[in-house]
file start_9.tsv (TSV, C-alpha atoms)
chain	number	residue	atom	x	y	z
A	1	MET	CA	-15.37	-12.94	16.56
A	2	SER	CA	-16.17	-16.62	16.23
A	3	LYS	CA	-13.85	-19.35	15.02
A	4	GLN	CA	-11.23	-18.43	12.47
A	5	THR	CA	-9.03	-20.67	10.35
A	6	GLY	CA	-5.61	-19.81	8.98
A	7	ARG	CA	-2.01	-20.92	8.57
A	8	ALA	CA	0.51	-20.82	11.39
A	9	PHE	CA	3.68	-18.77	11.16
A	10	VAL	CA	5.68	-20.18	14.05
A	11	PHE	CA	8.27	-18.26	16.08
A	12	ALA	CA	10.37	-19.19	19.09
A	13	ASP	CA	10.57	-17.65	22.57
A	14	ASP	CA	11.81	-14.10	23.18
A	15	VAL	CA	10.81	-12.47	19.89
A	16	ASP	CA	11.68	-8.83	20.44
A	17	THR	CA	10.09	-5.86	18.74
A	18	ASP	CA	13.19	-5.23	16.59
A	19	LEU	CA	12.61	-8.65	15.04
A	20	ILE	CA	8.89	-8.01	14.57
A	21	TYR	CA	9.40	-4.52	13.14
A	22	HIS	CA	12.96	-3.23	12.84
A	23	ASN	CA	13.80	0.21	14.22
A	24	LYS	CA	15.13	1.42	10.87
A	25	TYR	CA	11.50	1.67	9.67
A	26	LEU	CA	10.17	3.67	12.63
A	27	ALA	CA	9.86	6.80	10.49
A	28	GLU	CA	6.96	5.12	8.64
A	29	THR	CA	3.77	6.62	10.05
A	30	ASP	CA	1.14	4.96	7.86
A	31	PRO	CA	0.06	1.69	9.51
A	32	ALA	CA	-1.12	0.36	6.14
A	33	GLN	CA	2.50	0.49	4.90
A	34	MET	CA	4.00	-1.24	7.94
A	35	PRO	CA	3.20	-4.90	7.08
A	36	GLN	CA	5.80	-4.92	4.29
A	37	TYR	CA	8.57	-4.76	6.93
A	38	SER	CA	7.23	-7.44	9.29
A	39	PHE	CA	9.85	-9.92	10.53
A	40	GLU	CA	12.31	-8.83	7.83
A	41	TYR	CA	15.23	-9.59	10.19
A	42	TYR	CA	13.86	-12.75	11.82
A	43	PRO	CA	15.98	-15.71	10.66
A	44	GLY	CA	13.85	-18.07	8.60
A	45	HIS	CA	10.97	-15.63	8.27
A	46	GLU	CA	12.58	-12.90	6.19
A	47	ASN	CA	9.82	-13.37	3.57
A	48	PHE	CA	6.96	-13.27	6.07
A	49	ALA	CA	5.57	-10.03	4.59
A	50	LYS	CA	5.35	-11.59	1.12
A	51	GLU	CA	3.93	-14.90	2.33
A	52	VAL	CA	1.40	-13.93	5.01
A	53	LYS	CA	-2.24	-13.78	3.97
A	54	PRO	CA	-5.16	-12.23	5.85
A	55	GLY	CA	-6.38	-14.80	8.36
A	56	ASP	CA	-2.96	-16.36	9.03
A	57	PHE	CA	-1.72	-16.52	12.63
A	58	VAL	CA	1.52	-15.59	14.33
A	59	VAL	CA	2.29	-18.33	16.85
A	60	ALA	CA	5.04	-17.79	19.41
A	61	GLY	CA	6.39	-19.19	22.63
A	62	LYS	CA	7.16	-17.14	25.70
A	63	ASN	CA	7.90	-13.41	25.98
A	64	PHE	CA	6.63	-12.33	22.54
A	65	GLY	CA	7.11	-8.60	21.87
A	66	CYS	CA	9.83	-8.01	24.44
A	67	GLY	CA	12.23	-5.12	24.00
A	68	SER	CA	11.37	-1.62	22.90
A	69	SER	CA	7.93	-0.13	23.16
A	70	ARG	CA	6.60	0.49	19.69
A	71	GLU	CA	3.11	0.29	18.31
A	72	HIS	CA	4.60	-0.48	14.90
A	73	ALA	CA	5.11	-4.08	16.10
A	74	VAL	CA	1.35	-4.35	16.61
A	75	TYR	CA	0.30	-2.40	13.51
A	76	CYS	CA	2.45	-4.42	11.11
A	77	LEU	CA	0.59	-7.61	12.06
A	78	GLN	CA	-2.83	-6.05	12.50
A	79	TYR	CA	-2.71	-4.34	9.08
A	80	ALA	CA	-1.36	-7.50	7.43
A	81	GLY	CA	-4.66	-9.17	8.37
A	82	VAL	CA	-3.26	-11.43	11.08
A	83	PRO	CA	-6.38	-11.79	13.26
A	84	CYS	CA	-4.44	-12.22	16.50
A	85	VAL	CA	-1.14	-13.27	18.02
A	86	LEU	CA	-1.09	-16.65	19.74
A	87	ALA	CA	1.64	-16.77	22.36
A	88	GLU	CA	2.31	-18.54	25.62
A	89	THR	CA	3.23	-15.16	27.12
A	90	CYS	CA	4.08	-11.73	25.82
A	91	SER	CA	5.65	-8.61	27.24
A	92	ARG	CA	3.36	-6.30	29.15
A	93	ILE	CA	4.10	-3.36	26.86
A	94	TYR	CA	3.32	-5.36	23.70
A	95	TYR	CA	0.10	-6.59	25.25
A	96	ARG	CA	-0.88	-3.08	26.32
A	97	ASN	CA	-0.14	-1.67	22.84
A	98	ALA	CA	-2.17	-4.47	21.28
A	99	ILE	CA	-5.20	-3.96	23.50
A	100	ASN	CA	-5.02	-0.17	23.17
A	101	ASN	CA	-5.25	-0.62	19.41
A	102	GLY	CA	-8.06	-3.18	19.54
A	103	TYR	CA	-5.80	-6.08	18.53
A	104	PRO	CA	-6.16	-9.40	20.36
A	105	VAL	CA	-3.40	-11.49	21.89
A	106	LEU	CA	-4.45	-14.97	22.93
A	107	PHE	CA	-2.36	-16.53	25.70
A	108	VAL	CA	-2.11	-20.26	25.01
A	109	LYS	CA	-0.64	-22.65	27.53
A	110	GLY	CA	2.05	-25.03	26.28
A	111	LEU	CA	2.87	-23.28	23.00
A	112	SER	CA	6.57	-22.93	23.77
A	113	ASP	CA	7.03	-26.68	24.30
A	114	ALA	CA	4.74	-27.50	21.36
A	115	ILE	CA	6.93	-25.36	19.10
A	116	LYS	CA	10.15	-26.92	20.41
A	117	THR	CA	8.83	-30.48	20.02
A	118	GLY	CA	7.23	-29.93	16.61
A	119	LYS	CA	3.64	-30.42	17.77
A	120	ILE	CA	2.84	-27.20	15.93
A	121	LYS	CA	4.77	-26.25	12.82
A	122	ASN	CA	5.07	-23.50	10.28
A	123	GLY	CA	2.31	-23.84	7.70
A	124	ASP	CA	-0.04	-25.95	9.83
A	125	THR	CA	-3.68	-24.94	9.57
A	126	LEU	CA	-5.18	-23.73	12.83
A	127	GLU	CA	-8.74	-23.24	14.01
A	128	VAL	CA	-8.83	-20.53	16.66
A	129	ASP	CA	-11.74	-19.44	18.82
A	130	LEU	CA	-11.00	-16.20	20.69
A	131	GLU	CA	-14.19	-16.49	22.72
A	132	THR	CA	-13.27	-19.85	24.24
A	133	GLY	CA	-9.47	-19.69	23.91
A	134	SER	CA	-9.32	-22.99	22.04
A	135	VAL	CA	-6.76	-23.65	19.31
A	136	ARG	CA	-6.77	-26.78	17.17
A	137	ASP	CA	-4.04	-27.75	14.72
A	138	THR	CA	-5.96	-29.48	11.93
A	139	VAL	CA	-2.76	-31.04	10.55
A	140	THR	CA	-1.50	-32.72	13.73
A	141	GLY	CA	-4.80	-32.91	15.62
A	142	GLU	CA	-3.17	-31.23	18.63
A	143	GLU	CA	-5.44	-29.08	20.75
A	144	PHE	CA	-4.36	-26.20	22.92
A	145	HIS	CA	-6.28	-24.21	25.47
A	146	GLY	CA	-5.72	-20.56	26.11
A	147	ASP	CA	-7.32	-17.74	28.00
A	148	ALA	CA	-10.37	-16.42	26.20
A	149	VAL	CA	-10.46	-12.74	25.32
A	150	SER	CA	-12.11	-10.94	28.25
A	151	ASP	CA	-15.36	-9.04	27.94
A	152	LEU	CA	-13.53	-5.73	28.39
A	153	GLU	CA	-10.93	-6.63	25.74
A	154	HIS	CA	-13.77	-7.62	23.42
A	155	GLU	CA	-15.50	-4.25	24.01
A	156	ILE	CA	-12.25	-2.38	23.31
A	157	MET	CA	-11.75	-4.37	20.09
A	158	GLU	CA	-15.34	-3.74	19.01
A	159	ALA	CA	-14.77	0.01	19.52
A	160	GLY	CA	-11.61	-0.09	17.38
A	161	GLY	CA	-9.24	0.48	20.28
A	162	LEU	CA	-9.02	2.24	23.62
A	163	PHE	CA	-9.76	5.73	22.26
A	164	GLY	CA	-12.94	4.52	20.57
A	165	TYR	CA	-13.92	2.67	23.73
A	166	MET	CA	-13.38	5.76	25.89
A	167	LYS	CA	-15.42	7.92	23.49
A	168	LYS	CA	-18.23	5.37	23.60
A	169	GLN	CA	-18.13	5.30	27.41
A	170	ALA	CA	-18.16	9.11	27.62
A	171	ALA	CA	-21.09	9.35	25.20
A	172	ALA	CA	-23.07	6.86	27.29
A	173	LYS	CA	-22.89	9.12	30.36

call {"tool": "encode", "arguments": {"input": "start_9.tsv", "output": "structure tokens"}}
result
Amino acid sequence: MSKQTGRAFVFADDVDTDLIYHNKYLAETDPAQMPQYSFEYYPGHENFAKEVKPGDFVVAGKNFGCGSSREHAVYCLQYAGVPCVLAETCSRIYYRNAINNGYPVLFVKGLSDAIKTGKIKNGDTLEVDLETGSVRDTVTGEEFHGDAVSDLEHEIMEAGGLFGYMKKQAAAK
């Protein structure tokens, strides 16, 4: 889980789960099929699913993943190959769903203002280190500092999610 490099797909504050993964697709149960519907109703990112490549990052301001509780909003990004969500803050339920599924969310201070002022833009190349919480925009030279992924979160991710982690813990007893 060392440094990763990818393009930024930039979103504003208050991105709710209906914008990440619309409720009309909730009948889809195969996580591998979910990425095709990602951000279909988000203005300016309607083609996200066609444009995103494994290794690209979702970058958002405050309150990412607010709204309804749905794991689909995590799966659609995880299975698209987005290594993590970078957000200033996110809803507790989105965060919990992400961690339960072994998917990292990196909380990065100042992202909301950086998005609003253009210090980080759509298509910029980012270098992200989940272990230190550092984010560097190689286009603008801006550096951001977030909270590193905790040891427990790292263990849950390594186990493939909370169920895998719990099985591993039970087997160790």

call {"tool": "residues_around", "arguments": {"input": "start_9.tsv", "residues": "stretch 92-106 of chain A", "least_positions_apart": "5", "cutoff": "8 Å", "atoms": "all atoms listed in the file", "output": "mmCIF file with C-alpha atoms, in the coordinates of the input"}}
result
data_model
loop_
_atom_site.group_PDB
_atom_site.id
_atom_site.type_symbol
_atom_site.label_atom_id
_atom_site.label_comp_id
_atom_site.auth_asym_id
_atom_site.auth_seq_id
_atom_site.Cartn_x
_atom_site.Cartn_y
_atom_site.Cartn_z
ATOM 1 C CA PHE A 64 6.630 -12.330 22.540
ATOM 2 C CA GLY A 65 7.110 -8.600 21.870
ATOM 3 C CA CYS A 66 9.830 -8.010 24.440
ATOM 4 C CA SER A 69 7.930 -0.130 23.160
ATOM 5 C CA ARG A 70 6.600 0.490 19.690
ATOM 6 C CA GLU A 71 3.110 0.290 18.310
ATOM 7 C CA ALA A 73 5.110 -4.080 16.100
ATOM 8 C CA VAL A 74 1.350 -4.350 16.610
ATOM 9 C CA GLN A 78 -2.830 -6.050 12.500
ATOM 10 C CA PRO A 83 -6.380 -11.790 13.260
ATOM 11 C CA CYS A 84 -4.440 -12.220 16.500
ATOM 12 C CA VAL A 85 -1.140 -13.270 18.020
ATOM 13 C CA LEU A 86 -1.090 -16.650 19.740
ATOM 14 C CA ALA A 87 1.640 -16.770 22.360
ATOM 15 C CA LEU A 130 -11.000 -16.200 20.690
ATOM 16 C CA GLY A 133 -9.470 -19.690 23.910
ATOM 17 C CA GLY A 146 -5.720 -20.560 26.110
ATOM 18 C CA ASP A 147 -7.320 -17.740 28.000
ATOM 19 C CA ALA A 148 -10.370 -16.420 26.200
ATOM 20 C CA VAL A 149 -10.460 -12.740 25.320
ATOM 21 C CA GLU A 153 -10.930 -6.630 25.740
ATOM 22 C CA ILE A 156 -12.250 -2.380 23.310
ATOM 23 C CA MET A 157 -11.750 -4.370 20.090
ATOM 24 C CA GLU A 158 -15.340 -3.740 19.010
ATOM 25 C CA ALA A 159 -14.770 0.010 19.520
ATOM 26 C CA GLY A 160 -11.610 -0.090 17.380
ATOM 27 C CA GLY A 161 -9.240 0.480 20.280
ATOM 28 C CA LEU A 162 -9.020 2.240 23.620
ATOM 29 C CA PHE A 163 -9.760 5.730 22.260
#

call {"tool": "closest_residue", "arguments": {"input": "start_9.tsv", "among": "A:Thr5, A:Val139, A:Leu19, A:Asp14", "to": "A:Gly118", "atoms": "all atoms listed in the file"}}
result
A:Val139

call {"tool": "atom_distance", "arguments": {"input": "start_9.tsv", "atom1": "atom CA of A:Asp113", "atom2": "atom CA of A:Gly55"}}
result
24.0 Å

call {"tool": "axis_aligned_box", "arguments": {"input": "start_9.tsv", "around": "stretch 28-44 of chain A", "padding_each_side": "4 Å", "output": "AutoDock Vina command-line options"}}
result
--center_x 7.4 --center_y -5.7 --center_z 8.1 --size_x 25.1 --size_y 32.7 --size_z 15.5

call {"tool": "closest_residue", "arguments": {"input": "start_9.tsv", "among": "A:Asp18, A:Asp56, A:Glu131, A:Asp13", "to": "A:Ser112", "atoms": "all atoms listed in the file"}}
result
A:Asp13

call {"tool": "closest_residue", "arguments": {"input": "start_9.tsv", "among": "A:Glu46, A:Tyr41, A:Ile20, A:Val108", "to": "A:Ser134", "atoms": "all atoms listed in the file"}}
result
A:Val108

call {"tool": "residues_around", "arguments": {"input": "start_9.tsv", "residues": "A:Val15", "least_positions_apart": "6", "cutoff": "10 Å", "atoms": "all atoms listed in the file", "output": "ChimeraX atom specification"}}
result
/A:39,42,60-67,90-91

call {"tool": "atom_distance", "arguments": {"input": "start_9.tsv", "atom1": "atom CA of A:Glu28", "atom2": "atom CA of A:Val82"}}
result
19.6 Å

call {"tool": "closest_residue", "arguments": {"input": "start_9.tsv", "among": "A:Lys167, A:Arg136, A:His145, A:Lys121", "to": "A:Lys3", "atoms": "only C-alpha atoms"}}
result
A:Arg136

call {"tool": "atom_distance", "arguments": {"input": "start_9.tsv", "atom1": "atom CA of A:Arg7", "atom2": "atom CA of A:Asn23"}}
result
27.0 Å

call {"tool": "closest_residue", "arguments": {"input": "start_9.tsv", "among": "A:Leu152, A:Cys76, A:Gly164, A:Val59", "to": "A:Ile115", "atoms": "all atoms listed in the file"}}
result
A:Val59

call {"tool": "closest_residue", "arguments": {"input": "start_9.tsv", "among": "A:Gln169, A:Phe57, A:Asp129, A:Asp124", "to": "A:Gly141", "atoms": "only C-alpha atoms"}}
result
A:Asp124
